[in-house]
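Pasted below: target_3.pdb, PDB, C-alpha atoms.
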MODEL        1
ATOM      1  CA  MET E  57      21.343 -62.514-116.382
ATOM      2  CA  ASP E  58      23.311 -59.342-117.029
ATOM      3  CA  PRO E  59      26.947 -60.071-116.062
ATOM      4  CA  GLU E  60      27.829 -56.410-116.513
ATOM      5  CA  ALA E  61      25.179 -55.375-113.934
ATOM      6  CA  VAL E  62      26.543 -57.969-111.484
ATOM      7  CA  ARG E  63      30.097 -56.742-111.947
ATOM      8  CA  LYS E  64      29.110 -53.083-111.692
ATOM      9  CA  SER E  65      27.065 -53.696-108.534
ATOM     10  CA  LEU E  66      30.165 -55.045-106.810
ATOM     11  CA  GLU E  67      32.683 -52.447-107.986
ATOM     12  CA  PRO E  68      34.032 -50.578-104.963
ATOM     13  CA  THR E  69      33.446 -47.249-106.695
ATOM     14  CA  ALA E  70      30.104 -48.040-108.315
ATOM     15  CA  THR E  71      27.171 -45.750-107.623
ATOM     16  CA  ALA E  72      23.514 -46.482-108.194
ATOM     17  CA  GLU E  73      23.706 -44.149-111.195
ATOM     18  CA  LYS E  74      26.566 -46.145-112.748
ATOM     19  CA  ILE E  75      24.773 -49.441-112.172
ATOM     20  CA  THR E  76      21.306 -48.494-113.382
ATOM     21  CA  GLY E  77      21.999 -45.447-115.562
ATOM     22  CA  SER E  78      19.739 -43.276-113.390
ATOM     23  CA  THR E  79      18.906 -42.420-109.770
ATOM     24  CA  PRO E  80      21.474 -39.978-108.399
ATOM     25  CA  ALA E  81      23.210 -41.565-105.440
ATOM     26  CA  ARG E  82      24.841 -40.258-102.284
ATOM     27  CA  LEU E  83      28.515 -40.830-101.793
ATOM     28  CA  HIS E  84      29.141 -43.921 -99.714
ATOM     29  CA  PHE E  85      32.229 -44.818 -97.725
ATOM     30  CA  TYR E  86      31.585 -48.089 -95.938
ATOM     31  CA  ASP E  87      30.454 -50.290 -98.850
ATOM     32  CA  PRO E  88      33.504 -49.505-101.052
ATOM     33  CA  PHE E  89      35.733 -49.932 -97.983
ATOM     34  CA  VAL E  90      34.394 -53.457 -97.465
ATOM     35  CA  LEU E  91      34.057 -54.474-101.139
ATOM     36  CA  SER E  92      37.613 -53.538-102.081
ATOM     37  CA  GLY E  93      39.470 -56.828-102.499
ATOM     38  CA  VAL E  94      36.406 -59.000-103.122
ATOM     39  CA  SER E  95      36.816 -60.997-106.338
ATOM     40  CA  ILE E  96      34.087 -62.744-108.309
ATOM     41  CA  GLU E  97      34.883 -66.425-108.828
ATOM     42  CA  ALA E  98      31.636 -67.412-110.582
ATOM     43  CA  ALA E  99      28.358 -65.772-111.524
ATOM     44  CA  GLU E 100      25.563 -67.854-112.937
ATOM     45  CA  HIS E 101      21.784 -67.794-112.861
ATOM     46  CA  GLY E 102      20.740 -67.601-109.198
ATOM     47  CA  ARG E 103      24.251 -68.076-107.807
ATOM     48  CA  LEU E 104      27.260 -65.887-107.063
ATOM     49  CA  LEU E 105      30.610 -67.117-105.742
ATOM     50  CA  CYS E 106      33.180 -64.617-104.446
ATOM     51  CA  SER E 107      36.272 -64.653-102.281
ATOM     52  CA  PHE E 108      38.385 -62.236-100.268
ATOM     53  CA  VAL E 109      41.252 -62.271 -97.806
ATOM     54  CA  VAL E 110      40.663 -60.891 -94.315
ATOM     55  CA  THR E 111      42.906 -57.829 -94.090
ATOM     56  CA  PRO E 112      43.765 -55.726 -91.029
ATOM     57  CA  ARG E 113      41.425 -52.942 -92.190
ATOM     58  CA  LEU E 114      38.487 -55.402 -91.990
ATOM     59  CA  ALA E 115      39.510 -56.830 -88.629
ATOM     60  CA  SER E 116      38.930 -55.954 -85.011
ATOM     61  CA  PRO E 117      41.883 -54.893 -82.827
ATOM     62  CA  VAL E 118      42.335 -58.551 -81.818
ATOM     63  CA  GLY E 119      42.633 -59.633 -85.464
ATOM     64  CA  TYR E 120      39.283 -61.196 -86.354
ATOM     65  CA  LEU E 121      36.891 -60.252 -89.185
ATOM     66  CA  ARG E 122      34.390 -57.705 -87.889
ATOM     67  CA  SER E 123      30.770 -58.842 -87.754
ATOM     68  CA  GLY E 124      29.666 -55.605 -89.444
ATOM     69  CA  VAL E 125      31.854 -56.419 -92.439
ATOM     70  CA  THR E 126      30.216 -59.827 -92.721
ATOM     71  CA  ALA E 127      26.755 -58.231 -92.511
ATOM     72  CA  THR E 128      27.666 -55.632 -95.152
ATOM     73  CA  LEU E 129      28.963 -58.341 -97.474
ATOM     74  CA  ALA E 130      25.766 -60.352 -96.910
ATOM     75  CA  ASP E 131      23.821 -57.259 -97.951
ATOM     76  CA  GLN E 132      25.959 -56.375-100.991
ATOM     77  CA  LEU E 133      26.629 -59.873-102.311
ATOM     78  CA  GLY E 134      23.090 -61.013-101.535
ATOM     79  CA  SER E 135      21.793 -58.087-103.576
ATOM     80  CA  ALA E 136      24.104 -59.021-106.461
ATOM     81  CA  VAL E 137      22.502 -62.490-106.586
ATOM     82  CA  PHE E 138      19.294 -60.844-107.795
ATOM     83  CA  PHE E 139      21.207 -59.370-110.742
ATOM     84  CA  CYS E 140      22.616 -62.866-111.403
ATOM     85  CA  SER E 141      19.032 -64.056-111.611
ATOM     86  CA  GLY E 142      18.224 -61.671-114.424
ATOM     87  CA  LEU E 143      16.149 -59.266-112.366
ATOM     88  CA  PRO E 144      16.484 -55.605-113.403
ATOM     89  CA  SER E 145      16.757 -54.407-109.790
ATOM     90  CA  SER E 146      18.003 -55.859-106.535
ATOM     91  CA  GLY E 147      15.073 -54.426-104.597
ATOM     92  CA  VAL E 148      14.894 -53.004-101.088
ATOM     93  CA  SER E 149      15.983 -54.941 -97.994
ATOM     94  CA  ILE E 150      13.196 -56.135 -95.726
ATOM     95  CA  GLU E 151      15.306 -58.289 -93.435
ATOM     96  CA  ILE E 152      18.885 -59.473 -93.103
ATOM     97  CA  SER E 153      19.872 -62.057 -90.520
ATOM     98  CA  VAL E 154      23.376 -63.361 -89.935
ATOM     99  CA  SER E 155      24.372 -66.346 -87.799
ATOM    100  CA  PHE E 156      28.030 -66.412 -86.804
ATOM    101  CA  VAL E 157      29.425 -69.881 -86.113
ATOM    102  CA  ASP E 158      33.208 -69.304 -86.300
ATOM    103  CA  ALA E 159      35.731 -66.471 -86.485
ATOM    104  CA  ALA E 160      38.085 -65.643 -89.352
ATOM    105  CA  ALA E 161      41.541 -64.256 -88.623
ATOM    106  CA  VAL E 162      43.619 -61.785 -90.597
ATOM    107  CA  GLY E 163      45.183 -63.563 -93.570
ATOM    108  CA  GLU E 164      42.458 -66.201 -93.972
ATOM    109  CA  GLU E 165      40.764 -66.463 -97.355
ATOM    110  CA  ILE E 166      36.976 -66.533 -97.196
ATOM    111  CA  GLU E 167      34.682 -67.901 -99.874
ATOM    112  CA  VAL E 168      31.213 -66.376-100.075
ATOM    113  CA  GLU E 169      28.409 -68.133-101.927
ATOM    114  CA  GLY E 170      25.070 -66.457-102.511
ATOM    115  CA  LYS E 171      22.109 -68.484-103.784
ATOM    116  CA  LEU E 172      18.660 -67.395-104.828
ATOM    117  CA  LEU E 173      16.071 -69.227-102.747
ATOM    118  CA  ARG E 174      12.994 -67.503-104.159
ATOM    119  CA  ALA E 175      12.070 -64.608-106.400
ATOM    120  CA  GLY E 176       8.331 -64.033-106.426
ATOM    121  CA  LYS E 177       6.322 -61.111-107.774
ATOM    122  CA  SER E 178       7.195 -58.847-104.872
ATOM    123  CA  VAL E 179       9.541 -60.646-102.473
ATOM    124  CA  GLY E 180      12.874 -62.377-103.035
ATOM    125  CA  VAL E 181      15.094 -64.345-100.677
ATOM    126  CA  VAL E 182      18.765 -65.296-100.936
ATOM    127  CA  SER E 183      21.094 -67.230 -98.664
ATOM    128  CA  VAL E 184      24.723 -66.192 -98.277
ATOM    129  CA  ASP E 185      27.249 -68.658 -96.840
ATOM    130  CA  PHE E 186      30.713 -67.602 -95.663
ATOM    131  CA  ARG E 187      33.255 -70.445 -95.591
ATOM    132  CA  LYS E 188      36.955 -70.645 -94.873
ATOM    133  CA  LYS E 189      38.372 -71.461 -98.291
ATOM    134  CA  LYS E 190      41.177 -73.666 -96.977
ATOM    135  CA  THR E 191      38.975 -75.965 -94.861
ATOM    136  CA  GLY E 192      35.459 -75.384 -96.205
ATOM    137  CA  LYS E 193      34.318 -74.742 -92.627
ATOM    138  CA  LEU E 194      31.220 -72.559 -92.315
ATOM    139  CA  MET E 195      32.033 -69.223 -90.697
ATOM    140  CA  ALA E 196      28.706 -67.390 -91.044
ATOM    141  CA  GLN E 197      25.358 -67.860 -92.724
ATOM    142  CA  ALA E 198      23.020 -65.072 -93.768
ATOM    143  CA  ARG E 199      19.496 -64.827 -95.126
ATOM    144  CA  HIS E 200      18.552 -61.698 -97.051
ATOM    145  CA  THR E 201      14.913 -60.906 -97.847
ATOM    146  CA  LYS E 202      14.100 -58.094-100.267
ATOM    147  CA  TYR E 203      11.042 -56.346-101.597
ATOM    148  CA  LEU E 204      11.416 -56.496-105.364
ATOM    149  CA  VAL E 205      10.264 -53.023-106.296
ATOM    150  CA  ALA E 206       7.981 -52.952-109.310
ATOM    151  CA  SER E 207       8.696 -50.318-111.944
ATOM    152  CA  SER E 208       6.468 -47.280-111.697
ATOM    153  CA  LYS E 209       4.275 -46.610-114.703
ATOM    154  CA  LEU E 210       3.867 -42.921-113.871
TER     155      LEU E 210
ENDMDL
END
Please, can you express the file's structure as structure tokens?
Amino acid sequence: MDPEAVRKSLEPTATAEKITGSTPARLHFYDPFVLSGVSIEAAEHGRLLCSFVVTPRLASPVGYLRSGVTATLADQLGSAVFFCSGLPSSGVSIEISVSFVDAAAVGEEIEVEGKLLRAGKSVGVVSVDFRKKKTGKLMAQARHTKYLVASSKL
């Protein structure tokens, strides 16, 4: 596990070039917008625990966490789990599914736990659970499947 790669992958201003040392990246707006305020609570082999507070910028006009923010966090934090597992790359998304079972209001603290379910030769799968930190109640559950790109020998 490379803790520095995990941390860099979740920095709001990180680019692919900063994380990997190569691959020029486009400027992104949405990912840093969502990741700002996310703090890493624990990072260990195959597991990442983070938390954040739902702020008005992440909420709908009626004051609930936007589903797109949850999906983006499932993507970003799920990808970071692969770095926690010692893999040199987080791969390319094949599928992301999110089940929403409760809403989170502005001001609520959310705990996000990503766990590696499988990392084979070419495909990896993580689960990402979103829970209300105060009650432990499940808010959303995601599954993120990625193609673990093999290094080119060209």
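The residue set within 9 Å of Gly176 of chain E, counting all atoms listed in the file and dropping same-chain residues fewer than 4 places from it, reads Gly180, Val181 and Leu204 of chain E.
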Can you tell me, as a list in words, what residues are no more than 12 Å from Tyr120 of chain E when counting all atoms listed in the file, ignoring any on the same chain fewer than 2 positions away?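 Contacts, with the query itself left out: Val109, Val110, Thr111, Pro112, Arg113, Leu114, Ala115, Ser116, Pro117, Val118, Arg122, Ser123, Gly124, Val125, Thr126, Asp158, Ala159, Ala160, Ala161, Val162, Gly163, Glu164 and Met195 of chain E.
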Could you tell me which of E:Ala175, E:Val168, E:Lys193, E:Leu129 comes closest to Leu143 of chain E if we count all atoms listed in the file?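 That would be E:Ala175, the residue with the smallest distance to Leu143 of chain E.
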Residues near Ser183 of chain E, anyone? I mean within 6 Å using only C-alpha atoms, not counting same-chain ones fewer than 4 positions away, as a ChimeraX atom specification. /E:170-171,198-199
Keeping only C-alpha atoms, write the selected residues to a file as a PDB file, in the coordinates of the input.
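Result written to result13.pdb:
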ATOM      1  CA  GLY E 170      25.070 -66.457-102.511  1.00  0.00           C
ATOM      2  CA  LYS E 171      22.109 -68.484-103.784  1.00  0.00           C
ATOM      3  CA  ALA E 198      23.020 -65.072 -93.768  1.00  0.00           C
ATOM      4  CA  ARG E 199      19.496 -64.827 -95.126  1.00  0.00           C
TER       5      ARG E 199
END
Got a sec to resolve the PyMOL selection byres ((chain E and resi 136) around 8) on this structure and send the residues as a count of residues only? 13
Name every residue that the PyMOL selection byres ((chain E and resi 201) around 7) selects in this structure, writing the answer as an MDAnalysis selection string with chains first and numbers rising. chainID E and resid 149:152 180:182 199:200 202
Output C-alpha atoms of each residue in that selection to a file, as a PDB file, in the coordinates of the input.
ATOM      1  CA  SER E 149      15.983 -54.941 -97.994  1.00  0.00           C
ATOM      2  CA  ILE E 150      13.196 -56.135 -95.726  1.00  0.00           C
ATOM      3  CA  GLU E 151      15.306 -58.289 -93.435  1.00  0.00           C
ATOM      4  CA  ILE E 152      18.885 -59.473 -93.103  1.00  0.00           C
ATOM      5  CA  GLY E 180      12.874 -62.377-103.035  1.00  0.00           C
ATOM      6  CA  VAL E 181      15.094 -64.345-100.677  1.00  0.00           C
ATOM      7  CA  VAL E 182      18.765 -65.296-100.936  1.00  0.00           C
ATOM      8  CA  ARG E 199      19.496 -64.827 -95.126  1.00  0.00           C
ATOM      9  CA  HIS E 200      18.552 -61.698 -97.051  1.00  0.00           C
ATOM     10  CA  LYS E 202      14.100 -58.094-100.267  1.00  0.00           C
TER      11      LYS E 202
END
One decimal, in Å: what's the spacing between atom CA of Ile96 of chain E and atom CA of Val154 of chain E? 21.3 Å
Taking the file as shown, find all residues satisfying the PyMOL selection byres ((chain E and resi 100) around 9) and write them as a list in words.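 Expected selection for the PyMOL selection byres ((chain E and resi 100) around 9) here is Met57, Pro59, Ala98, Ala99, His101, Gly102, Arg103, Leu104, Leu105, Val137, Cys140 and Ser141 of chain E.
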Separation of atom CA of Val184 of chain E and atom CA of Gln197 of chain E, in Å?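 Atom-to-atom, atom CA of Val184 of chain E and atom CA of Gln197 of chain E are spaced 5.8 Å apart.
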Take atom CA of Lys190 of chain E and atom CA of Leu173 of chain E and report the distance between them in Å, one decimal. 26.1 Å
Listed atoms of segment 174-191 of chain E boxed axis-aligned with 3 Å per side, centre + edges as JSON:
{"center_x": 23.7, "center_y": -67.4, "center_z": -101.3, "size_x": 40.9, "size_y": 23.1, "size_z": 18.9}
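Using only C-alpha atoms, the smallest distance between any of E:Val179, E:Val157, E:Leu194, E:Leu91 and Asp131 of chain E comes from E:Leu91.
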Counting all atoms listed in the file, which of E:Glu97, E:Glu60, E:Asp185, E:Glu167 gets nearest to Pro144 of chain E? E:Glu60
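Residue nearest Glu165 of chain E, chosen from E:Ser153, E:Ser145, E:Ser95, E:Ser107 and counting all atoms listed in the file: E:Ser107.
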